[in-house]
file final_16.txt (compact mmCIF, C-alpha atoms)
# COMPACT_ATOMS: atom_id res chain seq x y z
CA LYS A 1 172.73 147.51 194.69
CA ARG A 2 171.54 146.68 191.20
CA PRO A 3 170.80 143.06 190.31
CA LEU A 4 173.09 141.13 188.05
CA ALA A 5 172.27 140.96 184.35
CA GLY A 6 169.10 139.23 183.35
CA PRO A 7 166.07 139.71 181.12
CA GLY A 8 165.97 143.31 179.99
CA ARG A 9 169.35 144.20 181.52
CA PRO A 10 172.64 143.64 179.70
CA LEU A 11 175.82 142.66 181.49
CA GLN A 12 177.66 145.78 182.60
CA VAL A 13 181.36 145.23 181.89
CA TRP A 14 183.86 147.87 183.02
CA VAL A 15 187.38 147.85 181.58
CA LEU A 16 190.03 150.19 182.90
CA ALA A 17 193.77 150.61 182.58
CA ARG A 18 196.53 152.82 183.93
CA GLN A 19 195.50 153.22 187.56
CA HIS A 20 199.28 153.32 187.90
CA PRO A 21 200.33 155.79 185.19
CA GLY A 22 203.76 154.25 184.69
CA GLU A 23 202.28 150.88 183.72
CA THR A 24 202.12 151.78 180.06
CA GLN A 25 201.65 148.13 179.08
CA GLY A 26 197.99 148.67 179.98
CA SER A 27 197.66 151.11 177.09
CA PHE A 28 198.89 148.52 174.62
CA TRP A 29 196.49 145.93 176.00
CA MET A 30 193.64 148.46 175.85
CA GLU A 31 194.47 149.37 172.25
CA GLY A 32 194.24 145.73 171.23
CA PHE A 33 191.05 145.23 173.23
CA LEU A 34 189.37 148.25 171.63
CA ARG A 35 190.52 147.30 168.13
CA ARG A 36 188.98 143.87 168.61
CA ALA A 37 185.77 145.16 170.23
CA LEU A 38 185.20 147.99 167.73
CA ALA A 39 186.34 146.31 164.52
CA PRO A 40 183.95 146.86 161.59
CA GLU A 41 183.65 143.10 161.35
CA PRO A 42 184.38 141.83 164.88
CA ASP A 43 185.51 138.28 165.39
CA PRO A 44 182.81 135.75 166.37
CA VAL A 45 183.62 135.85 170.10
CA VAL A 46 183.23 139.63 170.35
CA ALA A 47 180.21 139.71 168.06
CA GLY A 48 178.51 137.04 170.16
CA LEU A 49 179.16 138.86 173.42
CA LEU A 50 178.03 142.25 172.21
CA SER A 51 174.91 140.90 170.50
CA GLY A 52 173.74 138.88 173.46
CA ALA A 53 174.56 135.46 172.11
CA GLY A 54 177.04 134.91 174.94
CA PRO A 55 176.26 133.04 178.14
CA GLY A 56 175.13 136.12 180.09
CA GLY A 57 173.10 137.95 177.46
CA PRO A 58 174.06 141.23 175.77
CA VAL A 59 177.02 143.25 177.06
CA THR A 60 177.44 146.97 177.60
CA LEU A 61 181.10 148.00 177.73
CA HIS A 62 182.29 150.93 179.84
CA VAL A 63 185.93 151.67 178.95
CA LEU A 64 188.43 153.91 180.75
CA PRO A 65 191.70 153.64 178.80
CA CYS A 66 193.59 155.82 181.31
CA MET A 67 192.11 155.89 184.80
CA ASN A 68 194.86 158.11 186.20
CA VAL A 69 195.07 161.06 183.82
CA SER A 70 196.42 163.50 186.42
CA GLY A 71 199.25 161.13 187.39
CA SER A 72 200.07 160.49 183.74
CA ARG A 73 200.26 164.22 183.02
CA ALA A 74 202.42 164.75 186.10
CA GLY A 75 204.84 161.99 185.03
CA ARG A 76 204.10 159.85 188.08
CA HIS A 77 204.66 156.10 188.13
CA ARG A 78 202.16 154.95 190.78
CA THR A 79 200.13 157.91 192.03
CA ASN A 80 197.81 160.63 190.85
CA ALA A 81 198.81 164.32 190.95
CA ALA A 82 197.61 164.52 194.57
CA GLY A 83 199.90 161.64 195.56
CA ALA A 84 197.24 158.93 195.96
CA ASP A 85 197.70 155.36 194.72
CA LEU A 86 194.33 154.81 193.04
CA ASN A 87 194.73 151.06 193.20
CA ARG A 88 194.79 151.35 197.01
CA SER A 89 191.78 153.73 197.14
CA TRP A 90 189.07 151.20 196.23
CA GLY A 91 188.84 149.76 199.72
CA ARG A 92 188.73 153.19 201.31
CA TRP A 93 185.81 154.31 199.15
CA ALA A 94 184.04 150.97 199.67
CA GLY A 95 184.31 151.31 203.45
CA VAL A 96 187.07 148.72 203.83
CA HIS A 97 190.12 149.66 205.87
CA THR A 98 193.23 150.13 203.75
CA ARG A 99 196.72 151.42 204.26
CA ALA A 100 197.18 155.06 205.20
CA ASP A 101 198.48 156.06 201.74
CA ALA A 102 194.94 155.94 200.33
CA SER A 103 194.24 159.47 201.55
CA ASP A 104 192.70 160.59 198.27
CA GLY A 105 191.46 159.02 195.09
CA ALA A 106 188.48 161.03 193.93
CA GLU A 107 188.80 159.28 190.55
CA VAL A 108 187.94 155.97 192.23
CA ALA A 109 185.09 157.48 194.24
CA THR A 110 183.57 158.95 191.07
CA LEU A 111 183.90 155.67 189.18
CA MET A 112 182.39 153.70 192.06
CA GLU A 113 179.38 156.08 192.09
CA ARG A 114 178.86 155.41 188.36
CA MET A 115 179.21 151.66 188.87
CA GLU A 116 176.67 151.75 191.68
CA LEU A 117 174.25 153.71 189.51
CA ILE A 118 174.69 151.64 186.33
CA GLY A 119 175.75 148.30 187.76
CA CYS A 120 178.92 146.27 187.47
CA ASP A 121 178.89 142.59 186.58
CA LEU A 122 182.57 142.41 185.65
CA LEU A 123 185.51 144.75 186.16
CA LEU A 124 188.70 144.19 184.21
CA ASP A 125 191.46 146.25 185.81
CA VAL A 126 194.48 146.06 183.51
CA HIS A 127 197.91 146.58 185.05
CA GLY A 128 201.45 146.01 183.88
CA ASP A 129 204.34 144.49 185.78
CA GLU A 130 207.68 145.12 184.14
CA ALA A 131 209.19 142.28 186.16
CA GLN A 132 206.78 139.71 184.69
CA PRO A 133 207.52 138.78 181.04
CA TYR A 134 203.96 137.64 180.28
CA ALA A 135 200.30 138.55 180.75
CA PHE A 136 198.50 137.03 183.73
CA LEU A 137 195.33 137.34 185.76
CA THR A 138 196.01 138.27 189.36
CA ARG A 139 194.28 136.36 192.11
CA THR A 140 194.73 139.17 194.64
CA GLY A 141 191.05 140.12 194.66
CA LEU A 142 190.08 136.56 195.53
CA GLY A 143 191.20 137.33 199.07
CA ALA A 144 188.70 140.18 199.52
CA PRO A 145 186.31 139.73 202.45
CA ALA A 146 183.16 139.51 200.26
CA VAL A 147 184.55 136.80 197.93
CA ASP A 148 182.97 133.38 198.29
CA ASP A 149 183.29 130.05 196.50
CA GLY A 150 180.83 131.21 193.83
CA VAL A 151 183.01 134.19 192.92
CA ARG A 152 186.10 131.96 192.90
CA ALA A 153 184.31 129.61 190.47
CA LEU A 154 183.40 132.56 188.23
CA PHE A 155 187.06 133.66 188.24
CA ALA A 156 188.17 130.17 187.24
CA ALA A 157 185.60 130.07 184.42
CA PHE A 158 186.67 133.54 183.22
CA ARG A 159 190.31 132.51 183.29
CA GLU A 160 189.63 129.43 181.17
CA ALA A 161 187.51 131.42 178.70
CA TYR A 162 190.28 134.03 178.41
CA ARG A 163 192.88 131.31 177.85
CA SER A 164 190.79 129.76 175.09
CA ALA A 165 190.49 133.18 173.39
CA ASP A 166 194.16 134.07 173.90
CA PRO A 167 196.60 131.18 174.25
CA ASN A 168 199.35 133.67 175.18
CA LEU A 169 197.79 134.26 178.60
CA GLU A 170 199.98 132.99 181.41
CA THR A 171 202.65 131.37 179.26
CA PRO A 172 205.78 132.34 181.15
CA GLY A 173 208.10 129.66 179.84
CA ALA A 174 210.88 129.25 182.35
CA VAL A 175 209.46 131.85 184.77
CA GLU A 176 207.45 130.37 187.64
CA PRO A 177 205.19 130.79 189.46
CA VAL A 178 202.72 132.64 187.25
CA GLY A 179 201.60 136.02 188.58
CA TYR A 180 201.30 136.92 192.23
CA PRO A 181 200.49 134.44 194.99
CA ALA A 182 196.83 134.01 195.88
CA PRO A 183 196.01 135.52 199.28
CA GLU A 184 194.19 133.64 201.98
CA PRO A 185 190.42 134.31 202.12
CA GLY A 186 189.79 137.70 203.71
CA LYS A 187 193.48 138.71 203.50
CA ALA A 188 193.61 140.61 200.20
CA ASN A 189 195.96 143.59 200.01
CA LEU A 190 193.24 146.17 199.38
call {"tool": "encode", "arguments": {"input": "final_16.txt", "output": "structure tokens"}}
result
Amino acid sequence: KRPLAGPGRPLQVWVLARQHPGETQGSFWMEGFLRRALAPEPDPVVAGLLSGAGPGGPVTLHVLPCMNVSGSRAGRHRTNAAGADLNRSWGRWAGVHTRADASDGAEVATLMERMELIGCDLLLDVHGDEAQPYAFLTRTGLGAPAVDDGVRALFAAFREAYRSADPNLETPGAVEPVGYPAPEPGKANL
């Protein structure tokens, strides 16, 4: 495993959307993200992150606007053309037991190889839930076996930083609770 960012190594930030092809909201989020990140005159937050003025040093972005191209082309809602739910393939390729429907997912295996080679300090996996009328950060991954209190603290800090950059995050109005319930430690639905 590669070390986290430090002197001489920028933060490796991976951003992907559309593991589930039918969650087209991810494309709209990605469009806004890329417009902000690639603007000729980026806002101060983005400029600071990309230049290294942020808290972790410089950032290298790796962007996959549509992770599940074969499923999108096939008109699928949740699976790739081979019938695999990519979102359920991560655990299989990482050696963690998952449900039987993760029988394929070469897209995930290939991406994980690249992440292992290059490094991954942060992964933003953008999904859409048509039943939720707002954007939210899921806490599902906080139940993964390798997550400790340090990772939970990083998630909380990220969530607060995101909220300060986008006050629309997790503002459901009359809809409660926000997002999906947090799993118990070690009980994530991988």
call {"tool": "residues_around", "arguments": {"input": "final_16.txt", "residues": "A:Val15", "least_positions_apart": "3", "cutoff": "7 Å", "atoms": "all atoms listed in the file", "output": "short mmCIF file (atom, residue, chain, number, x, y, z; two decimals) with C-alpha atoms, in the coordinates of the input"}}
result
data_model
loop_
_atom_site.label_atom_id
_atom_site.label_comp_id
_atom_site.auth_asym_id
_atom_site.auth_seq_id
_atom_site.Cartn_x
_atom_site.Cartn_y
_atom_site.Cartn_z
CA HIS A 62 182.29 150.93 179.84
CA VAL A 63 185.93 151.67 178.95
CA LEU A 64 188.43 153.91 180.75
CA LEU A 123 185.51 144.75 186.16
CA LEU A 124 188.70 144.19 184.21
CA ASP A 125 191.46 146.25 185.81
#
call {"tool": "closest_residue", "arguments": {"input": "final_16.txt", "among": "A:Leu122, A:Asn68, A:Glu184, A:Leu117", "to": "A:Asp148", "atoms": "all atoms listed in the file"}}
result
A:Glu184
call {"tool": "residues_around", "arguments": {"input": "final_16.txt", "residues": "A:Tyr134", "least_positions_apart": "4", "cutoff": "8 Å", "atoms": "only C-alpha atoms", "output": "ChimeraX atom specification"}}
result
/A:168-172
call {"tool": "residues_around", "arguments": {"input": "final_16.txt", "residues": "stretch 41-49 of chain A", "least_positions_apart": "2", "cutoff": "12 Å", "atoms": "only C-alpha atoms", "output": "list in words"}}
result
Pro10, Leu11, Gln12, Val13, Phe33, Leu34, Arg35, Arg36, Ala37, Leu38, Ala39, Ser51, Gly52, Ala53, Gly54, Pro55, Gly56, Gly57, Pro58, Val59, Thr60, Leu61, Ala161, Tyr162, Ser164, Ala165 and Asp166 of chain A
call {"tool": "write_last_selection", "arguments": {"input": "final_16.txt", "atoms": "C-alpha atoms", "output": "PDB file, keeping the file's coordinate frame"}}
result
ATOM      1  CA  PRO A  10     172.640 143.640 179.700  1.00  0.00           C
ATOM      2  CA  LEU A  11     175.820 142.660 181.490  1.00  0.00           C
ATOM      3  CA  GLN A  12     177.660 145.780 182.600  1.00  0.00           C
ATOM      4  CA  VAL A  13     181.360 145.230 181.890  1.00  0.00           C
ATOM      5  CA  PHE A  33     191.050 145.230 173.230  1.00  0.00           C
ATOM      6  CA  LEU A  34     189.370 148.250 171.630  1.00  0.00           C
ATOM      7  CA  ARG A  35     190.520 147.300 168.130  1.00  0.00           C
ATOM      8  CA  ARG A  36     188.980 143.870 168.610  1.00  0.00           C
ATOM      9  CA  ALA A  37     185.770 145.160 170.230  1.00  0.00           C
ATOM     10  CA  LEU A  38     185.200 147.990 167.730  1.00  0.00           C
ATOM     11  CA  ALA A  39     186.340 146.310 164.520  1.00  0.00           C
ATOM     12  CA  SER A  51     174.910 140.900 170.500  1.00  0.00           C
ATOM     13  CA  GLY A  52     173.740 138.880 173.460  1.00  0.00           C
ATOM     14  CA  ALA A  53     174.560 135.460 172.110  1.00  0.00           C
ATOM     15  CA  GLY A  54     177.040 134.910 174.940  1.00  0.00           C
ATOM     16  CA  PRO A  55     176.260 133.040 178.140  1.00  0.00           C
ATOM     17  CA  GLY A  56     175.130 136.120 180.090  1.00  0.00           C
ATOM     18  CA  GLY A  57     173.100 137.950 177.460  1.00  0.00           C
ATOM     19  CA  PRO A  58     174.060 141.230 175.770  1.00  0.00           C
ATOM     20  CA  VAL A  59     177.020 143.250 177.060  1.00  0.00           C
ATOM     21  CA  THR A  60     177.440 146.970 177.600  1.00  0.00           C
ATOM     22  CA  LEU A  61     181.100 148.000 177.730  1.00  0.00           C
ATOM     23  CA  ALA A 161     187.510 131.420 178.700  1.00  0.00           C
ATOM     24  CA  TYR A 162     190.280 134.030 178.410  1.00  0.00           C
ATOM     25  CA  SER A 164     190.790 129.760 175.090  1.00  0.00           C
ATOM     26  CA  ALA A 165     190.490 133.180 173.390  1.00  0.00           C
ATOM     27  CA  ASP A 166     194.160 134.070 173.900  1.00  0.00           C
TER      28      ASP A 166
END
call {"tool": "atom_distance", "arguments": {"input": "final_16.txt", "atom1": "atom CA of A:Ala106", "atom2": "atom CA of A:Glu23"}}
result
19.9 Å
call {"tool": "residues_around", "arguments": {"input": "final_16.txt", "residues": "A:Ser70", "least_positions_apart": "2", "cutoff": "8 Å", "atoms": "all atoms listed in the file", "output": "ChimeraX atom specification"}}
result
/A:68,72-74,80-81
call {"tool": "closest_residue", "arguments": {"input": "final_16.txt", "among": "A:Gln19, A:Pro133, A:Ser27, A:Cys66", "to": "A:Asp85", "atoms": "only C-alpha atoms"}}
result
A:Gln19
call {"tool": "residues_around", "arguments": {"input": "final_16.txt", "residues": "A:Met115", "least_positions_apart": "4", "cutoff": "9 Å", "atoms": "all atoms listed in the file", "output": "list in words"}}
result
Gln12, Trp14, Thr110, Leu111, Gly119 and Cys120 of chain A
call {"tool": "residues_near_point", "arguments": {"input": "final_16.txt", "point": "(191.3, 151.9, 191.3)", "cutoff": "6 Å", "atoms": "all atoms listed in the file", "output": "PyMOL selection string"}}
result
chain A and resi 19+86-87+90+108
call {"tool": "closest_residue", "arguments": {"input": "final_16.txt", "among": "A:His127, A:Ala157, A:Gln132, A:Gly91", "to": "A:Trp29", "atoms": "only C-alpha atoms"}}
result
A:His127
call {"tool": "atom_distance", "arguments": {"input": "final_16.txt", "atom1": "atom CA of A:Ala188", "atom2": "atom CA of A:Arg76"}}
result
25.0 Å
call {"tool": "atom_distance", "arguments": {"input": "final_16.txt", "atom1": "atom CA of A:Asp129", "atom2": "atom CA of A:Gly141"}}
result
16.6 Å
call {"tool": "closest_residue", "arguments": {"input": "final_16.txt", "among": "A:Gly75, A:Pro40, A:Gly83, A:Gly179", "to": "A:Ala131", "atoms": "all atoms listed in the file"}}
result
A:Gly179
call {"tool": "closest_residue", "arguments": {"input": "final_16.txt", "among": "A:Ala146, A:Val126, A:Ala84, A:Leu50", "to": "A:Met30", "atoms": "all atoms listed in the file"}}
result
A:Val126
call {"tool": "closest_residue", "arguments": {"input": "final_16.txt", "among": "A:Glu107, A:Pro145, A:Ala153, A:His20", "to": "A:Gly71", "atoms": "only C-alpha atoms"}}
result
A:His20
call {"tool": "decode", "arguments": {"input": "final_16.txt", "residues": "stretch 65-142 of chain A", "atoms": "C-alpha atoms", "output": "PDB file, in the first residue's frame"}}
result
ATOM      1  CA  PRO A  65     -17.956  10.499 -14.746  1.00  0.00           C
ATOM      2  CA  CYS A  66     -19.643   7.200 -15.674  1.00  0.00           C
ATOM      3  CA  MET A  67     -18.223   4.132 -13.948  1.00  0.00           C
ATOM      4  CA  ASN A  68     -20.749   1.766 -15.511  1.00  0.00           C
ATOM      5  CA  VAL A  69     -20.608   2.483 -19.238  1.00  0.00           C
ATOM      6  CA  SER A  70     -21.739  -1.006 -20.298  1.00  0.00           C
ATOM      7  CA  GLY A  71     -24.813  -0.848 -18.049  1.00  0.00           C
ATOM      8  CA  SER A  72     -25.638   2.642 -19.282  1.00  0.00           C
ATOM      9  CA  ARG A  73     -25.425   1.528 -22.914  1.00  0.00           C
ATOM     10  CA  ALA A  74     -27.567  -1.517 -22.150  1.00  0.00           C
ATOM     11  CA  GLY A  75     -30.242   0.638 -20.475  1.00  0.00           C
ATOM     12  CA  ARG A  76     -29.784  -1.031 -17.087  1.00  0.00           C
ATOM     13  CA  HIS A  77     -30.741   0.666 -13.835  1.00  0.00           C
ATOM     14  CA  ARG A  78     -28.415  -1.053 -11.322  1.00  0.00           C
ATOM     15  CA  THR A  79     -26.114  -3.476 -13.136  1.00  0.00           C
ATOM     16  CA  ASN A  80     -23.493  -3.621 -15.844  1.00  0.00           C
ATOM     17  CA  ALA A  81     -24.100  -5.468 -19.135  1.00  0.00           C
ATOM     18  CA  ALA A  82     -22.954  -8.719 -17.488  1.00  0.00           C
ATOM     19  CA  GLY A  83     -25.550  -8.328 -14.723  1.00  0.00           C
ATOM     20  CA  ALA A  84     -23.191  -7.319 -11.889  1.00  0.00           C
ATOM     21  CA  ASP A  85     -24.003  -4.569  -9.393  1.00  0.00           C
ATOM     22  CA  LEU A  86     -20.685  -2.709  -9.361  1.00  0.00           C
ATOM     23  CA  ASN A  87     -21.476  -1.110  -6.026  1.00  0.00           C
ATOM     24  CA  ARG A  88     -21.571  -4.610  -4.509  1.00  0.00           C
ATOM     25  CA  SER A  89     -18.336  -5.733  -6.228  1.00  0.00           C
ATOM     26  CA  TRP A  90     -15.887  -3.659  -4.165  1.00  0.00           C
ATOM     27  CA  GLY A  91     -15.871  -6.058  -1.242  1.00  0.00           C
ATOM     28  CA  ARG A  92     -15.426  -9.061  -3.493  1.00  0.00           C
ATOM     29  CA  TRP A  93     -12.372  -7.580  -5.190  1.00  0.00           C
ATOM     30  CA  ALA A  94     -10.969  -6.406  -1.841  1.00  0.00           C
ATOM     31  CA  GLY A  95     -11.263  -9.921  -0.396  1.00  0.00           C
ATOM     32  CA  VAL A  96     -14.288  -9.135   1.776  1.00  0.00           C
ATOM     33  CA  HIS A  97     -17.260 -11.486   1.608  1.00  0.00           C
ATOM     34  CA  THR A  98     -20.263  -9.934  -0.115  1.00  0.00           C
ATOM     35  CA  ARG A  99     -23.602 -11.119  -1.361  1.00  0.00           C
ATOM     36  CA  ALA A 100     -23.697 -13.663  -4.156  1.00  0.00           C
ATOM     37  CA  ASP A 101     -24.831 -11.125  -6.787  1.00  0.00           C
ATOM     38  CA  ALA A 102     -21.299  -9.699  -6.995  1.00  0.00           C
ATOM     39  CA  SER A 103     -20.246 -12.399  -9.443  1.00  0.00           C
ATOM     40  CA  ASP A 104     -18.541  -9.981 -11.811  1.00  0.00           C
ATOM     41  CA  GLY A 105     -17.423  -6.392 -11.797  1.00  0.00           C
ATOM     42  CA  ALA A 106     -14.225  -6.205 -13.807  1.00  0.00           C
ATOM     43  CA  GLU A 107     -14.675  -2.413 -13.886  1.00  0.00           C
ATOM     44  CA  VAL A 108     -14.199  -2.313 -10.112  1.00  0.00           C
ATOM     45  CA  ALA A 109     -11.236  -4.701 -10.206  1.00  0.00           C
ATOM     46  CA  THR A 110      -9.514  -2.537 -12.827  1.00  0.00           C
ATOM     47  CA  LEU A 111     -10.162   0.655 -10.872  1.00  0.00           C
ATOM     48  CA  MET A 112      -8.910  -0.911  -7.645  1.00  0.00           C
ATOM     49  CA  GLU A 113      -5.675  -1.951  -9.408  1.00  0.00           C
ATOM     50  CA  ARG A 114      -5.162   1.672 -10.521  1.00  0.00           C
ATOM     51  CA  MET A 115      -5.908   2.971  -7.030  1.00  0.00           C
ATOM     52  CA  GLU A 116      -3.426   0.530  -5.533  1.00  0.00           C
ATOM     53  CA  LEU A 117      -0.777   1.616  -8.029  1.00  0.00           C
ATOM     54  CA  ILE A 118      -1.379   5.373  -7.746  1.00  0.00           C
ATOM     55  CA  GLY A 119      -2.809   5.641  -4.248  1.00  0.00           C
ATOM     56  CA  CYS A 120      -6.170   6.741  -2.922  1.00  0.00           C
ATOM     57  CA  ASP A 121      -6.508   9.247  -0.111  1.00  0.00           C
ATOM     58  CA  LEU A 122     -10.169  10.030  -0.760  1.00  0.00           C
ATOM     59  CA  LEU A 123     -12.856   8.378  -2.865  1.00  0.00           C
ATOM     60  CA  LEU A 124     -16.057  10.251  -3.618  1.00  0.00           C
ATOM     61  CA  ASP A 125     -18.612   7.775  -4.948  1.00  0.00           C
ATOM     62  CA  VAL A 126     -21.589   9.798  -6.171  1.00  0.00           C
ATOM     63  CA  HIS A 127     -24.981   8.078  -6.245  1.00  0.00           C
ATOM     64  CA  GLY A 128     -28.540   9.249  -6.645  1.00  0.00           C
ATOM     65  CA  ASP A 129     -31.602   8.186  -4.713  1.00  0.00           C
ATOM     66  CA  GLU A 130     -34.825   9.221  -6.373  1.00  0.00           C
ATOM     67  CA  ALA A 131     -36.668   8.721  -3.084  1.00  0.00           C
ATOM     68  CA  GLN A 132     -34.511  11.301  -1.275  1.00  0.00           C
ATOM     69  CA  PRO A 133     -35.280  14.931  -2.251  1.00  0.00           C
ATOM     70  CA  TYR A 134     -31.848  16.264  -1.248  1.00  0.00           C
ATOM     71  CA  ALA A 135     -28.123  15.544  -1.450  1.00  0.00           C
ATOM     72  CA  PHE A 136     -26.547  13.688   1.455  1.00  0.00           C
ATOM     73  CA  LEU A 137     -23.399  11.858   2.458  1.00  0.00           C
ATOM     74  CA  THR A 138     -24.032   8.223   3.263  1.00  0.00           C
ATOM     75  CA  ARG A 139     -22.555   6.749   6.402  1.00  0.00           C
ATOM     76  CA  THR A 140     -22.758   3.182   5.075  1.00  0.00           C
ATOM     77  CA  GLY A 141     -18.993   2.848   4.622  1.00  0.00           C
ATOM     78  CA  LEU A 142     -18.421   3.777   8.254  1.00  0.00           C
TER      79      LEU A 142
END
